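Student: Here's a structure for you.
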Amino acid sequence: MAGRIAADVLSDMIVAREDFANDLFAVETASSEAFLTGATSSAVIDDDLVDRLLRYADIMSHSTLPLHRESAYNLIALLREYDELVGLSERGSGRVTAVATAVLIELGNFPGLRTLSNMTDATYSLPVSRGVLRAAKEVTQATKRGTATLTDTQFEIAERMRGEDFFSFSGPTSLGKSFILKDAIYDIVGRSDLDQHCVVVLVPTKALIGQTAADLRELLRDVPKVNVATFPSLPLFLRKTYPRTIFVLTPERLLRYLSNPVRDIDYLIVDEAQKVIAKKDARSSIYYHAIVETIRRFATKLVFASPSIENPQLFLELFGKASNGALAVRERTVAQQRYFVDLVDRKQFYLSGASGTDGQLKAAPAATTAIELVTSLSGARKSIIYINSSAKSADFAMELAKVLPKISDPKIDALIKFVKEHIHKDYFLADTLSRGVAFHHGKMPQEVREKVEQCFSDPESPLRYVVCTSTLLEGVNLPAKNIFVLNDTHGPSGFGKIDFENLAGRAGRLTYDFSGNVICVRHEPGGWSETRQELIPRGEPIVAESFLVNPGKTRKDFTDIGHVLRGEKLPGTPSNDAKRTVEQYTSILLLHVLGNQQTPLRSLFLAKVPDAVKLLDKAVSGFTGSEEVLRRSPGIQPKYQSAVWGELTSGVAGPLIPADVSELSFELFEAMLLRLGRAYNWIVEESGGKDPLVPKEEPGYSVRLRYWATLMSYWVKGDPLVLVISRAIRYHAKQGIVTYRDYAVSPYLITEPFKAGDAKQVNRIIEETMRDLETGLRFKIISYLENYYDLAVQALGSEKAGVNVAKLVEYGSSDAKVINLQEVGFTRGVALDLLAKYGSFLTFVSNEELDTVDLEGIMAVPDLDTDVKAELENILRKAPPTAVAVEVEPLQ
């Protein structure tokens, strides 16, 4: 009993009481019925019940145990929710507000206090002790910027983090992990010892780079010596203007940076750290490799942040660091109610996150369709609808928009104008936006996704619904009052608990809501099986696992690597991603042997595979390529890199495109892709999986390469996206067919005749073109272009390596100035506009690198383009340092 206080003991007694369980059941049932049916037939919350629940909450808020403290907050949230939906008596409502203020102060839940002040104008006198406690916490738990206050839990994490060089923490999505990381970054970049050094924030996908960078730039507006960079280079303008740098990079871009690091990496911050050990994600091995390479090169401090897992120390153990710098927390700053609505069998349930009970409501759902359910339950509050298909997300958004009235709003009108001008006049998103609905998925351009996110996140915006795919699971900050989960799958597989919790955690917005609603909907007979329904209730944090940490007797991951080293097929029928993961770990293992690195991967392979030494010796002797290049491109098998290296060093092959070519033509790109396809065996390596680059056989193979050459020629010439899409539509019209994927219909490519004027078909072409640009061209093909060029530089020297086509594809231009402006941080479209319309305000040195920007001159231009102005403000404008905060910002 040592260390326990009276509130701990009293709270234990409360939780054990039958009357507490009955009271909690009553308030949960009443709130659930009010939300799902609009009525409360089972229970009415009278003043006596309110008084009892508030006493429970007050006592439990003083407990030191997270479970009790969370229960205190849940009781407050349930009462506030009931008051909003049904209404308490005037006395009851007043007492809830008064006690809620005291409880939230005791919990140190300052977002909740902001929410409370936003919801009521009434003020209540508090005991002097609570007022003193609030004042003390607002001082001691202030953020480093001084404009907000950390919650008790956030403050505990921040204090622990500052005392550790290697730190890993986990907590619910609503904890505010990104807010904690941003506060730490603000502290770090204010120190002079970061001069000529950098911090790297590692994010899962390109989709998250823009949002993270924009948030950090806003955070650091009053720190004049730091900039935020998003590409693995540091151009002249950034080097001379800012002595300190924060890079926001994907694992692939981090590997590119490590090939020529301009500044030492002092800190590596890994958000969404569960991606490092994700079993069904082929990129997890690249994540692992990028982190290993960073700590091999630099004395880098590591910070890992992950969703609710029980053992965040796993990430420290994975990289050979002491596990004492780990902290798992459970407290949430937003409560959640979870529901399952079965529109097929006409039943509905609430799944308690507090009492541990599940209850079926007596009333059947009033709605008969998912559309009716979404509109009836959302009311005036914002909602996210999750659907696991980009095609279905657009279809659902269109159907939802049909039942909603048109809206008139300047911000929505501006977004519609942007979509029509930058994508296509007939893109469905322009239609849905006009009725307050958007869709959001990975095929869409990053700029469009970010504008949708910004518009939806604005509480004053009439954009009320966003229909999302699994891009939301990558860490995109897009919270809402309600989340409707219409599918129980993530990709081709069912949800894992971490994925589901990461998605559900978006329900409820800090400083706007006390609670959020997660509504899982079975609207098709095949959805939400009984097994999948077990995911819905909140459960205990899961234990994360990696085959590289305490694998026990498990050998399969290592014997699979052995199969690859022997040149054998993997046993069973592994997915394309699973096969690629094993191949990538095999390349990484080879690198650890070549570099004489003592890593868990190497030591465990030697322990688990009987002929491991022989296999590794053979692999080392058989690799004749460049170790340095393999470190940048472990996703490309060593045997292909060795073959290309041999051709380059022997003179059999030369650069993909000579440096002295006069024109980058379609024919040149087609010939180049034919060479790449042969050198890297695309017909085998890139013909499988979800989005294959090429078919397995002719004539489809050559036809597809011509398509990629066509798309590449448009993109590299600097054509705006709207023009690329228009030309793609004409290309399909000329071919007479449209080919696309819809896994809801078929696992195979679907081909149909081109139909002029068919809006749905035009939108399929639009989305396939955008996906092909981002995934096919700028993710898959670019990796081969980079690898070949890197090998050519090593074998032939930089002057004889030819054109760096990968760079042209990455930036969508062959103009060095446009490329440099993007490296500074501008989007492709704004970079093109800056040169075309405002070039007189920019000066470049002889190698066409940006030297100076007359920022005040550009900003003074009458009718300055809105997007240009916004990016200039975000990237270059710095505010005077603020010594004293005048207003507390909402925690994001």
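Chain labels run A, B, ... following the order of the structure tokens; each chain numbers its residues from 1, and ligands are numbered from 1 in the order shown.
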So that I can see what lies close to Ala34 in chain A, please list as a PyMOL selection string the residues with an atom at most 10 Å from it, counting only C-alpha atoms and leaving out residues fewer than 3 positions away in the same chain.

Tutor: chain A and resi 28-31+37-41+81-82+84-86

Student: Using DSSP secondary structure from the backbone, list all alpha helix (DSSP H) positions within range 138-374 of chain A, as a PyMOL selection string.

Tutor: chain A and resi 138-140+152-162+177-189+206-219+236-241+251-259+284-297+314-318+370-374

Student: Excluding Leu668 in chain A and residues on its chain fewer than 5 positions from it, collect all residues at most 12 Å away from it, counting only C-alpha atoms, and give them as a PyMOL selection string.

Tutor: chain A and resi 656-658+661-663+673-675+706+709-710+712-713+803+805

Student: Next, write the just-selected residues to a file, as a tab-separated table (two decimals), in the first residue's frame, keeping N, CA and C atoms as the atom set.

Tutor:
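Everything below was put into selection-v5.tsv:
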```
chain	number	residue	atom	x	y	z
A	656	LEU	N	21.67	6.74	-68.61
A	656	LEU	CA	20.34	6.56	-69.17
A	656	LEU	C	20.05	7.61	-70.25
A	657	ILE	N	20.40	8.85	-69.97
A	657	ILE	CA	20.25	9.93	-70.94
A	657	ILE	C	21.52	10.78	-70.88
A	658	PRO	N	22.25	10.90	-72.00
A	658	PRO	CA	23.48	11.70	-71.99
A	658	PRO	C	23.20	13.15	-71.60
A	661	VAL	N	21.97	16.00	-74.37
A	661	VAL	CA	20.78	15.88	-75.23
A	661	VAL	C	20.14	17.25	-75.39
A	662	SER	N	19.59	17.49	-76.57
A	662	SER	CA	18.99	18.80	-76.85
A	662	SER	C	17.53	18.88	-76.41
A	663	GLU	N	16.86	17.72	-76.37
A	663	GLU	CA	15.44	17.72	-76.02
A	663	GLU	C	15.08	16.43	-75.29
A	673	LEU	N	13.03	3.82	-70.30
A	673	LEU	CA	12.22	2.90	-69.50
A	673	LEU	C	12.40	1.46	-69.97
A	674	LEU	N	12.58	1.25	-71.25
A	674	LEU	CA	12.86	-0.09	-71.75
A	674	LEU	C	14.16	-0.62	-71.15
A	675	ARG	N	15.17	0.25	-71.07
A	675	ARG	CA	16.45	-0.15	-70.47
A	675	ARG	C	16.29	-0.46	-68.99
A	706	ARG	N	4.97	2.63	-72.75
A	706	ARG	CA	4.71	3.84	-73.55
A	706	ARG	C	3.82	4.81	-72.77
A	709	ALA	N	6.05	6.55	-70.31
A	709	ALA	CA	6.89	7.52	-71.02
A	709	ALA	C	6.10	8.77	-71.37
A	710	THR	N	4.85	8.57	-71.77
A	710	THR	CA	3.98	9.72	-72.09
A	710	THR	C	3.76	10.58	-70.85
A	712	MET	N	5.53	10.71	-68.13
A	712	MET	CA	6.79	11.30	-67.69
A	712	MET	C	7.16	12.51	-68.53
A	713	SER	N	6.94	12.43	-69.82
A	713	SER	CA	7.31	13.55	-70.70
A	713	SER	C	6.46	14.79	-70.38
A	803	VAL	N	22.07	12.82	-67.42
A	803	VAL	CA	21.02	13.60	-66.79
A	803	VAL	C	20.47	12.85	-65.57
A	805	VAL	N	17.61	12.04	-64.18
A	805	VAL	CA	16.19	12.04	-64.52
A	805	VAL	C	15.34	11.93	-63.26
```

Student: Range 220-237 of chain A: which residues within 8 Å, counting only C-alpha atoms, same-chain residues fewer than 3 positions away excluded, as a PyMOL selection string?

Tutor: chain A and resi 186+189-190+209-210+213+216-217+240-249+253-254+256-257+261-262+820+823-825+849-852+875+877-882

Student: Take the selection from the previous step and output its residues with N, CA, C and O atoms, as a short mmCIF file (atom, residue, chain, number, x, y, z; two decimals), in the first residue's frame.

Tutor:
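As written to disk, out-v8.cif reads:
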```cif
data_model
loop_
_atom_site.label_atom_id
_atom_site.label_comp_id
_atom_site.auth_asym_id
_atom_site.auth_seq_id
_atom_site.Cartn_x
_atom_site.Cartn_y
_atom_site.Cartn_z
N TYR A 186 10.45 22.96 -30.28
CA TYR A 186 10.59 24.40 -30.02
C TYR A 186 11.71 24.65 -29.01
O TYR A 186 12.49 25.60 -29.14
N VAL A 189 15.31 23.80 -30.89
CA VAL A 189 15.82 24.73 -31.91
C VAL A 189 16.17 26.09 -31.35
O VAL A 189 16.80 26.90 -32.04
N GLY A 190 15.79 26.36 -30.11
CA GLY A 190 16.17 27.63 -29.50
C GLY A 190 17.59 27.63 -28.97
O GLY A 190 18.10 28.68 -28.54
N ILE A 209 4.02 15.02 -45.00
CA ILE A 209 5.12 15.99 -44.96
C ILE A 209 4.60 17.42 -44.94
O ILE A 209 5.00 18.24 -44.11
N GLY A 210 3.69 17.74 -45.86
CA GLY A 210 3.22 19.11 -46.00
C GLY A 210 2.55 19.62 -44.74
O GLY A 210 2.83 20.74 -44.28
N ALA A 213 5.17 20.04 -41.90
CA ALA A 213 6.05 21.17 -42.15
C ALA A 213 5.32 22.50 -41.91
O ALA A 213 5.87 23.43 -41.31
N LEU A 216 4.96 23.12 -38.20
CA LEU A 216 6.22 23.49 -37.58
C LEU A 216 6.64 24.91 -37.97
O LEU A 216 7.17 25.66 -37.14
N ARG A 217 6.39 25.29 -39.21
CA ARG A 217 6.72 26.66 -39.61
C ARG A 217 5.91 27.69 -38.83
O ARG A 217 6.43 28.73 -38.44
N LYS A 240 22.46 29.82 -46.19
CA LYS A 240 22.98 31.15 -45.84
C LYS A 240 22.02 31.94 -44.95
O LYS A 240 22.42 32.86 -44.25
N THR A 241 20.73 31.60 -44.99
CA THR A 241 19.73 32.37 -44.25
C THR A 241 19.49 31.81 -42.86
O THR A 241 19.25 32.57 -41.91
N TYR A 242 19.53 30.47 -42.72
CA TYR A 242 19.15 29.83 -41.46
C TYR A 242 20.26 28.88 -41.00
O TYR A 242 20.55 27.90 -41.69
N PRO A 243 20.86 29.13 -39.82
CA PRO A 243 21.92 28.23 -39.34
C PRO A 243 21.39 26.91 -38.76
O PRO A 243 22.17 25.98 -38.57
N ARG A 244 20.07 26.84 -38.49
CA ARG A 244 19.51 25.63 -37.90
C ARG A 244 18.38 25.10 -38.80
O ARG A 244 17.63 25.90 -39.36
N THR A 245 18.28 23.79 -38.88
CA THR A 245 17.32 23.19 -39.81
C THR A 245 16.53 22.08 -39.14
O THR A 245 17.07 21.29 -38.37
N ILE A 246 15.24 22.05 -39.48
CA ILE A 246 14.40 20.89 -39.18
C ILE A 246 14.01 20.27 -40.52
O ILE A 246 13.43 20.95 -41.37
N PHE A 247 14.36 19.03 -40.71
CA PHE A 247 13.94 18.30 -41.90
C PHE A 247 12.70 17.47 -41.55
O PHE A 247 12.68 16.78 -40.53
N VAL A 248 11.69 17.54 -42.40
CA VAL A 248 10.54 16.63 -42.30
C VAL A 248 10.65 15.69 -43.49
O VAL A 248 10.48 16.11 -44.64
N LEU A 249 10.96 14.42 -43.23
CA LEU A 249 11.31 13.49 -44.29
C LEU A 249 10.61 12.14 -44.10
O LEU A 249 10.30 11.74 -42.98
N ARG A 253 13.44 9.53 -48.15
CA ARG A 253 14.13 10.81 -48.29
C ARG A 253 15.26 10.95 -47.26
O ARG A 253 16.27 11.58 -47.54
N LEU A 254 15.09 10.36 -46.08
CA LEU A 254 16.17 10.39 -45.10
C LEU A 254 17.39 9.64 -45.63
O LEU A 254 18.53 10.10 -45.46
N ARG A 256 18.25 9.37 -48.72
CA ARG A 256 18.87 10.26 -49.71
C ARG A 256 19.71 11.33 -49.01
O ARG A 256 20.81 11.66 -49.45
N TYR A 257 19.18 11.87 -47.93
CA TYR A 257 19.94 12.90 -47.20
C TYR A 257 21.24 12.33 -46.65
O TYR A 257 22.30 12.97 -46.70
N PRO A 261 25.01 14.33 -46.35
CA PRO A 261 24.44 15.16 -45.27
C PRO A 261 25.15 16.51 -45.16
O PRO A 261 26.36 16.57 -44.96
N VAL A 262 24.40 17.57 -45.29
CA VAL A 262 24.97 18.92 -45.21
C VAL A 262 25.19 19.31 -43.75
O VAL A 262 26.14 20.02 -43.43
N ASN A 820 15.00 24.33 -57.71
CA ASN A 820 15.59 24.94 -56.52
C ASN A 820 14.54 25.60 -55.63
O ASN A 820 14.61 25.52 -54.40
N GLU A 823 12.98 22.98 -53.62
CA GLU A 823 13.86 22.55 -52.53
C GLU A 823 13.83 23.53 -51.37
O GLU A 823 13.99 23.14 -50.21
N VAL A 824 13.59 24.81 -51.67
CA VAL A 824 13.45 25.81 -50.61
C VAL A 824 12.17 25.56 -49.81
O VAL A 824 12.10 25.86 -48.62
N GLY A 825 11.15 24.97 -50.46
CA GLY A 825 9.94 24.63 -49.74
C GLY A 825 8.65 24.93 -50.46
O GLY A 825 7.57 24.57 -49.99
N GLU A 849 20.94 28.69 -58.48
CA GLU A 849 20.42 28.51 -57.12
C GLU A 849 19.89 29.85 -56.61
O GLU A 849 20.50 30.91 -56.84
N LEU A 850 18.78 29.81 -55.88
CA LEU A 850 18.20 31.02 -55.32
C LEU A 850 19.18 31.64 -54.33
O LEU A 850 19.72 30.97 -53.45
N ASP A 851 19.38 32.97 -54.47
CA ASP A 851 20.29 33.69 -53.59
C ASP A 851 19.55 34.62 -52.64
O ASP A 851 19.76 34.60 -51.43
N THR A 852 18.64 35.43 -53.18
CA THR A 852 17.88 36.36 -52.35
C THR A 852 16.43 36.44 -52.82
O THR A 852 16.12 36.16 -53.98
N ILE A 875 6.53 29.95 -45.45
CA ILE A 875 7.90 29.47 -45.58
C ILE A 875 8.94 30.51 -45.18
O ILE A 875 9.93 30.18 -44.51
N ARG A 877 8.22 34.11 -44.03
CA ARG A 877 7.91 35.20 -43.11
C ARG A 877 8.21 34.78 -41.67
O ARG A 877 7.76 33.75 -41.20
N LYS A 878 8.96 35.58 -40.97
CA LYS A 878 9.24 35.36 -39.56
C LYS A 878 8.66 36.51 -38.74
O LYS A 878 8.74 37.67 -39.14
N ALA A 879 8.08 36.17 -37.61
CA ALA A 879 7.52 37.19 -36.72
C ALA A 879 8.56 37.57 -35.67
O ALA A 879 9.45 36.78 -35.36
N PRO A 880 8.46 38.77 -35.10
CA PRO A 880 9.38 39.13 -34.02
C PRO A 880 9.20 38.17 -32.85
O PRO A 880 8.08 37.73 -32.57
N PRO A 881 10.28 37.81 -32.16
CA PRO A 881 10.14 36.90 -31.01
C PRO A 881 9.17 37.46 -29.98
O PRO A 881 9.15 38.66 -29.72
N THR A 882 8.35 36.59 -29.42
CA THR A 882 7.38 37.03 -28.41
C THR A 882 7.89 36.63 -27.04
O THR A 882 8.13 35.46 -26.76
#
```

Student: Might you pull out every residue within 10 Å of Lys780 in chain A, with only C-alpha atoms counted and same-chain residues fewer than 6 positions away left off, and present them as a list in words?

Tutor: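 Surrounding residues, per the criterion: Glu686, Pro692, Leu693, Asp772, Leu773 and Glu774 of chain A.
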
Student: Let's have the selection written as a compact mmCIF listing (two decimals), in the first residue's frame, with N, CA and C atoms.

Tutor:
```
# COMPACT_ATOMS: atom_id res chain seq x y z
N GLU A 686 7.97 -6.14 -60.95
CA GLU A 686 7.00 -5.05 -60.85
C GLU A 686 5.67 -5.37 -61.53
N PRO A 692 0.61 -2.84 -59.83
CA PRO A 692 1.80 -3.20 -60.62
C PRO A 692 2.16 -2.12 -61.63
N LEU A 693 3.45 -1.97 -61.86
CA LEU A 693 3.90 -1.00 -62.87
C LEU A 693 3.58 -1.49 -64.28
N ASP A 772 -1.05 7.43 -60.60
CA ASP A 772 0.12 7.03 -61.37
C ASP A 772 1.27 8.02 -61.22
N LEU A 773 0.94 9.30 -61.17
CA LEU A 773 1.98 10.31 -60.97
C LEU A 773 2.65 10.12 -59.61
N GLU A 774 1.84 9.95 -58.57
CA GLU A 774 2.38 9.94 -57.21
C GLU A 774 2.99 8.59 -56.85
```

Student: Between A:Glu90, A:Asp271, A:Glu252, A:Glu799, which is the closest to Phe179 in chain A once you count only C-alpha atoms?

Tutor: A:Asp271

Student: Quick check, in Å to one decimal: how far apart do CA of Ser63 in chain A and CA of Tyr512 in chain A lie?

Tutor: 26.0 Å
